[in-house]
Amino acid sequence: MTETFVFENIRDLDLKQTFECGQCFRWNEERDGSYTGIAQGYPANMKLEGDRLIIEGYGTREFWAEYLDLDRDYCEIQAILAAKEPEVMPEAMACGSGIRILCQDLWETVVDFIISQNNNIPRIKGCIERLAEAHGEYAGEFRDKSWYRVPTAEKLASLEPEDLAEVRLGYRDKYLIETARQWLAKDEDSRCDVGCFTGVGPKVESCIRLFGLHELDAFPIDVWVKRLMNRFYGFEEKDKAGMDAFANDVFGEYAGLAQQYLFYYIRCLEK
DNA sequence: TCGCAGGTGGTCG
DNA sequence: CGACCACCTGCG
């Protein structure tokens with residue numbers, strides 16, 4: 001049974017910026033500017049009309065409020081970041097002030113970002129959709145479409161790489177199965193130590209910490225961030241350690257959000 | 001055609 | 001350790 005949830009007085013939220021900044025892969029823009037997608041098994045459509053957010057779909061009001069991080073004051077965080085780094089951040093935040101870090105399910109985030117490695121966004125999205133359709137739990141009908149969840153760790157652990165051939169994950173299929181088995185062997189607390197899973201290196205680990213554990217100080221460094229750190233702050237692109245230290249020293253507890261603003265900013269500049 | 005795309009793991013020196 | 005390099009796949 002679908003419902004409609006309306007949130008009033010929404011500030012600092014832009015659906016395009018939030019859903020297309022690379023943190024999630026299952027939301028797609030409709031012709032009317034709304035977004036349709038699925039989170040934790042709840043298909044929905046979201047639309048922003050002025051400062052009114054209208055969500056039609058499954059789930060609960062509480063779930064969507066948490067998912068979109070609606071209770072956090074992003075304006076305050078922006079002020080803090082502008083004070084810490086007044087040279088580039090104000091302009092960057094003016095460009096992407098509606099970015100929010102979603103509160104995504106940890107396991108789904110692990111799966112998404114293992115798939116994301118050495119890959120591009122259109123193909124990542126295709127891989128996740130095929131994976132969900134082939135092996136995920138049925139999540140219901142919504143807007144003339146059958147929806148499926150990202151497969152559970154139990155399901156993926158039971159598969160062999162050949163079972164995932166149709167999903168065309170490439171060499172990442174082995175990582176996913178191995179990580180699912182490692183996931184099941186851990187208790188809930190030690191699963192948060194995401195760096196020890198197969199196929200999770202430093203970059204993917206930072207993404208999972210930021211997007212799956214909501215650790216806002218995590219600072220993922222990929223090729224784009226290397227370019228922007230070079231362009232905005234003069235780092236050599238190979239100087240990852242220097243970038244890490246800079247992020248920690250200058251941006252501190254909100255380094256991950258700073259990364260998102262800068263990331264969105266450099267892509268705006270290149271358009 | 002071939003390099004590359006929001007990297008990682010393995011292997012050298 | 002740090003520098004290479006293979007790796008699935010699809011697109012320009």
# chains A, B, ... in the order shown; residues from 1 in each chain; ligands from 1
call {"tool": "residues_around", "arguments": {"residues": "DA5 (chain B)", "least_positions_apart": "4", "cutoff": "9 Å", "atoms": "only C-alpha atoms (C1' of nucleotides)", "output": "PyMOL selection string"}}
result
chain A and resi 118-121
call {"tool": "write_last_selection", "arguments": {"atoms": "N, CA and C atoms", "output": "PDB file, in the first residue's frame"}}
result
ATOM      1  N   ASN A 118      36.599   1.073 -10.364  1.00  0.00           N
ATOM      2  CA  ASN A 118      37.076   1.051 -11.752  1.00  0.00           C
ATOM      3  C   ASN A 118      35.906   0.929 -12.723  1.00  0.00           C
ATOM      4  N   ASN A 119      34.902   1.732 -12.514  1.00  0.00           N
ATOM      5  CA  ASN A 119      33.644   1.579 -13.239  1.00  0.00           C
ATOM      6  C   ASN A 119      33.026   2.962 -13.425  1.00  0.00           C
ATOM      7  N   ASN A 120      32.063   3.078 -14.299  1.00  0.00           N
ATOM      8  CA  ASN A 120      31.411   4.371 -14.491  1.00  0.00           C
ATOM      9  C   ASN A 120      29.945   4.300 -14.086  1.00  0.00           C
ATOM     10  N   ILE A 121      29.369   5.458 -13.803  1.00  0.00           N
ATOM     11  CA  ILE A 121      28.055   5.487 -13.171  1.00  0.00           C
ATOM     12  C   ILE A 121      26.954   4.789 -13.984  1.00  0.00           C
TER      13      ILE A 121
END
call {"tool": "residues_around", "arguments": {"residues": "DA3 (chain C)", "least_positions_apart": "2", "cutoff": "12 Å", "atoms": "only C-alpha atoms (C1' of nucleotides)", "output": "PyMOL selection string"}}
result
(chain A and resi 238) or (chain B and resi 11-13) or (chain C and resi 1+5)
call {"tool": "write_last_selection", "arguments": {"atoms": "N, CA and C atoms (P, O5', C5', C4', C3', O3' and C1' of nucleotides)", "output": "CSV table (one decimal), in the first residue's frame"}}
result
chain,number,residue,atom,x,y,z
A,238,LYS,N,49.5,12.7,-7.2
A,238,LYS,CA,49.9,11.4,-6.5
A,238,LYS,C,50.0,11.6,-5.0
B,11,DT,P,50.9,-13.1,-6.0
B,11,DT,O5',52.0,-12.3,-6.8
B,11,DT,C5',51.8,-11.8,-8.1
B,11,DT,C4',52.9,-10.8,-8.5
B,11,DT,C3',54.3,-11.3,-7.9
B,11,DT,O3',55.3,-11.1,-8.9
B,11,DT,C1',53.8,-9.0,-7.4
B,12,DC,P,56.5,-12.2,-8.9
B,12,DC,O5',57.7,-11.2,-9.2
B,12,DC,C5',58.1,-10.3,-8.2
B,12,DC,C4',58.4,-8.9,-8.9
B,12,DC,C3',59.8,-8.5,-8.5
B,12,DC,O3',60.5,-8.1,-9.7
B,12,DC,C1',58.2,-6.9,-7.7
B,13,DG,P,62.1,-8.3,-9.6
B,13,DG,O5',62.6,-6.9,-8.9
B,13,DG,C5',62.5,-5.7,-9.6
B,13,DG,C4',62.8,-4.5,-8.7
B,13,DG,C3',64.1,-4.7,-8.0
B,13,DG,O3',65.0,-3.6,-8.3
B,13,DG,C1',62.3,-4.2,-6.4
C,1,DC,P,55.4,-0.4,6.1
C,1,DC,O5',54.8,-0.4,4.7
C,1,DC,C5',54.3,0.8,4.0
C,1,DC,C4',55.4,1.5,3.3
C,1,DC,C3',54.9,2.1,1.9
C,1,DC,O3',55.5,3.3,1.7
C,1,DC,C1',56.6,0.4,1.5
C,5,DC,P,54.0,-1.6,-16.0
C,5,DC,O5',52.9,-2.6,-15.7
C,5,DC,C5',53.2,-3.9,-15.1
C,5,DC,C4',52.0,-4.7,-14.9
C,5,DC,C3',50.9,-4.5,-16.0
C,5,DC,O3',50.4,-5.7,-16.4
C,5,DC,C1',50.0,-4.2,-13.9
call {"tool": "interface_residues", "arguments": {"of": "chain A", "to": "chain C", "cutoff": "12 Å", "atoms": "only C-alpha atoms (C1' of nucleotides)", "output": "tab-separated table (two decimals) with C-alpha atoms, in the first residue's frame"}}
result
chain	number	residue	atom	x	y	z
A	115	ILE	CA	30.61	-2.65	-7.87
A	117	GLN	CA	35.36	0.33	-8.44
A	118	ASN	CA	37.08	1.05	-11.75
A	119	ASN	CA	33.64	1.58	-13.24
A	120	ASN	CA	31.41	4.37	-14.49
A	121	ILE	CA	28.05	5.49	-13.17
A	122	PRO	CA	25.77	4.31	-16.01
A	123	ARG	CA	27.28	0.85	-15.86
A	124	ILE	CA	27.24	0.76	-12.06
A	126	GLY	CA	22.93	-1.19	-14.76
A	127	CYS	CA	24.88	-3.73	-12.72
A	165	ALA	CA	27.56	-14.00	-15.17
A	166	GLU	CA	24.31	-12.50	-16.49
A	167	VAL	CA	24.78	-9.50	-14.20
A	168	ARG	CA	28.08	-8.70	-15.99
A	169	LEU	CA	29.90	-7.48	-12.91
A	170	GLY	CA	33.20	-8.52	-14.43
A	171	TYR	CA	35.91	-9.49	-11.95
A	172	ARG	CA	33.90	-7.80	-9.17
A	173	ASP	CA	31.57	-10.82	-8.91
A	174	LYS	CA	34.25	-12.70	-6.97
A	238	LYS	CA	49.95	11.44	-6.52
call {"tool": "residues_around", "arguments": {"residues": "region 153-163 of chain A", "least_positions_apart": "6", "cutoff": "12 Å", "atoms": "only C-alpha atoms (C1' of nucleotides)", "output": "PyMOL selection string"}}
result
chain A and resi 106-111+131-132+134-137+169-186+191
call {"tool": "write_last_selection", "arguments": {"atoms": "N, CA and C atoms", "output": "PDB file, in the first residue's frame"}}
result
ATOM      1  N   LEU A 106      23.855  -0.188   5.349  1.00  0.00           N
ATOM      2  CA  LEU A 106      25.274  -0.512   5.267  1.00  0.00           C
ATOM      3  C   LEU A 106      25.557  -1.612   4.236  1.00  0.00           C
ATOM      4  N   TRP A 107      24.810  -2.697   4.293  1.00  0.00           N
ATOM      5  CA  TRP A 107      25.084  -3.796   3.366  1.00  0.00           C
ATOM      6  C   TRP A 107      24.895  -3.360   1.908  1.00  0.00           C
ATOM      7  N   GLU A 108      23.800  -2.643   1.645  1.00  0.00           N
ATOM      8  CA  GLU A 108      23.563  -2.181   0.276  1.00  0.00           C
ATOM      9  C   GLU A 108      24.688  -1.264  -0.190  1.00  0.00           C
ATOM     10  N   THR A 109      25.202  -0.461   0.728  1.00  0.00           N
ATOM     11  CA  THR A 109      26.285   0.455   0.377  1.00  0.00           C
ATOM     12  C   THR A 109      27.571  -0.308   0.084  1.00  0.00           C
ATOM     13  N   VAL A 110      27.831  -1.354   0.868  1.00  0.00           N
ATOM     14  CA  VAL A 110      28.990  -2.206   0.609  1.00  0.00           C
ATOM     15  C   VAL A 110      28.895  -2.797  -0.800  1.00  0.00           C
ATOM     16  N   VAL A 111      27.744  -3.339  -1.142  1.00  0.00           N
ATOM     17  CA  VAL A 111      27.540  -3.930  -2.466  1.00  0.00           C
ATOM     18  C   VAL A 111      27.729  -2.874  -3.563  1.00  0.00           C
ATOM     19  N   LEU A 131      21.534  -7.029 -10.889  1.00  0.00           N
ATOM     20  CA  LEU A 131      21.786  -7.842  -9.698  1.00  0.00           C
ATOM     21  C   LEU A 131      20.522  -7.975  -8.857  1.00  0.00           C
ATOM     22  N   ALA A 132      19.815  -6.856  -8.676  1.00  0.00           N
ATOM     23  CA  ALA A 132      18.586  -6.881  -7.871  1.00  0.00           C
ATOM     24  C   ALA A 132      17.508  -7.727  -8.550  1.00  0.00           C
ATOM     25  N   ALA A 134      17.892 -10.160 -10.679  1.00  0.00           N
ATOM     26  CA  ALA A 134      18.244 -11.580 -10.785  1.00  0.00           C
ATOM     27  C   ALA A 134      18.232 -12.280  -9.428  1.00  0.00           C
ATOM     28  N   HIS A 135      18.639 -11.583  -8.372  1.00  0.00           N
ATOM     29  CA  HIS A 135      18.852 -12.270  -7.093  1.00  0.00           C
ATOM     30  C   HIS A 135      18.254 -11.574  -5.883  1.00  0.00           C
ATOM     31  N   GLY A 136      17.616 -10.437  -6.087  1.00  0.00           N
ATOM     32  CA  GLY A 136      17.094  -9.694  -4.936  1.00  0.00           C
ATOM     33  C   GLY A 136      15.661 -10.064  -4.593  1.00  0.00           C
ATOM     34  N   GLU A 137      15.273  -9.742  -3.385  1.00  0.00           N
ATOM     35  CA  GLU A 137      13.886  -9.979  -2.964  1.00  0.00           C
ATOM     36  C   GLU A 137      12.934  -9.045  -3.692  1.00  0.00           C
ATOM     37  N   LEU A 169      29.135  -8.265 -13.871  1.00  0.00           N
ATOM     38  CA  LEU A 169      29.904  -7.476 -12.914  1.00  0.00           C
ATOM     39  C   LEU A 169      31.391  -7.501 -13.244  1.00  0.00           C
ATOM     40  N   GLY A 170      31.778  -8.366 -14.168  1.00  0.00           N
ATOM     41  CA  GLY A 170      33.203  -8.520 -14.431  1.00  0.00           C
ATOM     42  C   GLY A 170      33.875  -9.193 -13.248  1.00  0.00           C
ATOM     43  N   TYR A 171      35.150  -8.846 -13.030  1.00  0.00           N
ATOM     44  CA  TYR A 171      35.907  -9.491 -11.949  1.00  0.00           C
ATOM     45  C   TYR A 171      35.351  -9.171 -10.558  1.00  0.00           C
ATOM     46  N   ARG A 172      34.440  -8.186 -10.472  1.00  0.00           N
ATOM     47  CA  ARG A 172      33.900  -7.796  -9.166  1.00  0.00           C
ATOM     48  C   ARG A 172      32.956  -8.847  -8.585  1.00  0.00           C
ATOM     49  N   ASP A 173      32.484  -9.780  -9.430  1.00  0.00           N
ATOM     50  CA  ASP A 173      31.575 -10.818  -8.914  1.00  0.00           C
ATOM     51  C   ASP A 173      32.244 -11.640  -7.813  1.00  0.00           C
ATOM     52  N   LYS A 174      33.519 -11.933  -7.986  1.00  0.00           N
ATOM     53  CA  LYS A 174      34.247 -12.702  -6.966  1.00  0.00           C
ATOM     54  C   LYS A 174      34.352 -11.915  -5.656  1.00  0.00           C
ATOM     55  N   TYR A 175      34.612 -10.611  -5.788  1.00  0.00           N
ATOM     56  CA  TYR A 175      34.714  -9.768  -4.589  1.00  0.00           C
ATOM     57  C   TYR A 175      33.393  -9.779  -3.812  1.00  0.00           C
ATOM     58  N   LEU A 176      32.303  -9.672  -4.565  1.00  0.00           N
ATOM     59  CA  LEU A 176      30.987  -9.574  -3.932  1.00  0.00           C
ATOM     60  C   LEU A 176      30.656 -10.849  -3.157  1.00  0.00           C
ATOM     61  N   ILE A 177      30.913 -11.991  -3.768  1.00  0.00           N
ATOM     62  CA  ILE A 177      30.608 -13.265  -3.116  1.00  0.00           C
ATOM     63  C   ILE A 177      31.511 -13.465  -1.894  1.00  0.00           C
ATOM     64  N   GLU A 178      32.794 -13.161  -2.071  1.00  0.00           N
ATOM     65  CA  GLU A 178      33.734 -13.316  -0.960  1.00  0.00           C
ATOM     66  C   GLU A 178      33.355 -12.385   0.195  1.00  0.00           C
ATOM     67  N   THR A 179      33.022 -11.146  -0.144  1.00  0.00           N
ATOM     68  CA  THR A 179      32.628 -10.185   0.893  1.00  0.00           C
ATOM     69  C   THR A 179      31.342 -10.617   1.591  1.00  0.00           C
ATOM     70  N   ALA A 180      30.395 -11.176   0.851  1.00  0.00           N
ATOM     71  CA  ALA A 180      29.151 -11.658   1.473  1.00  0.00           C
ATOM     72  C   ALA A 180      29.461 -12.745   2.499  1.00  0.00           C
ATOM     73  N   ARG A 181      30.385 -13.641   2.159  1.00  0.00           N
ATOM     74  CA  ARG A 181      30.746 -14.721   3.092  1.00  0.00           C
ATOM     75  C   ARG A 181      31.469 -14.165   4.306  1.00  0.00           C
ATOM     76  N   GLN A 182      32.349 -13.179   4.072  1.00  0.00           N
ATOM     77  CA  GLN A 182      33.052 -12.556   5.204  1.00  0.00           C
ATOM     78  C   GLN A 182      32.059 -11.803   6.099  1.00  0.00           C
ATOM     79  N   TRP A 183      31.097 -11.166   5.478  1.00  0.00           N
ATOM     80  CA  TRP A 183      30.057 -10.405   6.206  1.00  0.00           C
ATOM     81  C   TRP A 183      29.317 -11.322   7.174  1.00  0.00           C
ATOM     82  N   LEU A 184      28.926 -12.494   6.689  1.00  0.00           N
ATOM     83  CA  LEU A 184      28.159 -13.424   7.524  1.00  0.00           C
ATOM     84  C   LEU A 184      28.989 -13.987   8.668  1.00  0.00           C
ATOM     85  N   ALA A 185      30.308 -14.005   8.482  1.00  0.00           N
ATOM     86  CA  ALA A 185      31.178 -14.557   9.522  1.00  0.00           C
ATOM     87  C   ALA A 185      31.467 -13.549  10.640  1.00  0.00           C
ATOM     88  N   LYS A 186      31.006 -12.319  10.451  1.00  0.00           N
ATOM     89  CA  LYS A 186      31.299 -11.280  11.443  1.00  0.00           C
ATOM     90  C   LYS A 186      30.068 -10.964  12.269  1.00  0.00           C
ATOM     91  N   ARG A 191      31.362  -5.678  11.517  1.00  0.00           N
ATOM     92  CA  ARG A 191      31.030  -5.361  10.128  1.00  0.00           C
ATOM     93  C   ARG A 191      31.302  -3.895   9.798  1.00  0.00           C
TER      94      ARG A 191
END
call {"tool": "residues_around", "arguments": {"residues": "region 66-71 of chain A", "least_positions_apart": "5", "cutoff": "9 Å", "atoms": "only C-alpha atoms (C1' of nucleotides)", "output": "list in words"}}
result
Ile10, Arg11, Leu13, Thr18, Ala39, Arg61, Arg100, Ile101, Leu102, Cys103 and Gln104 of chain A
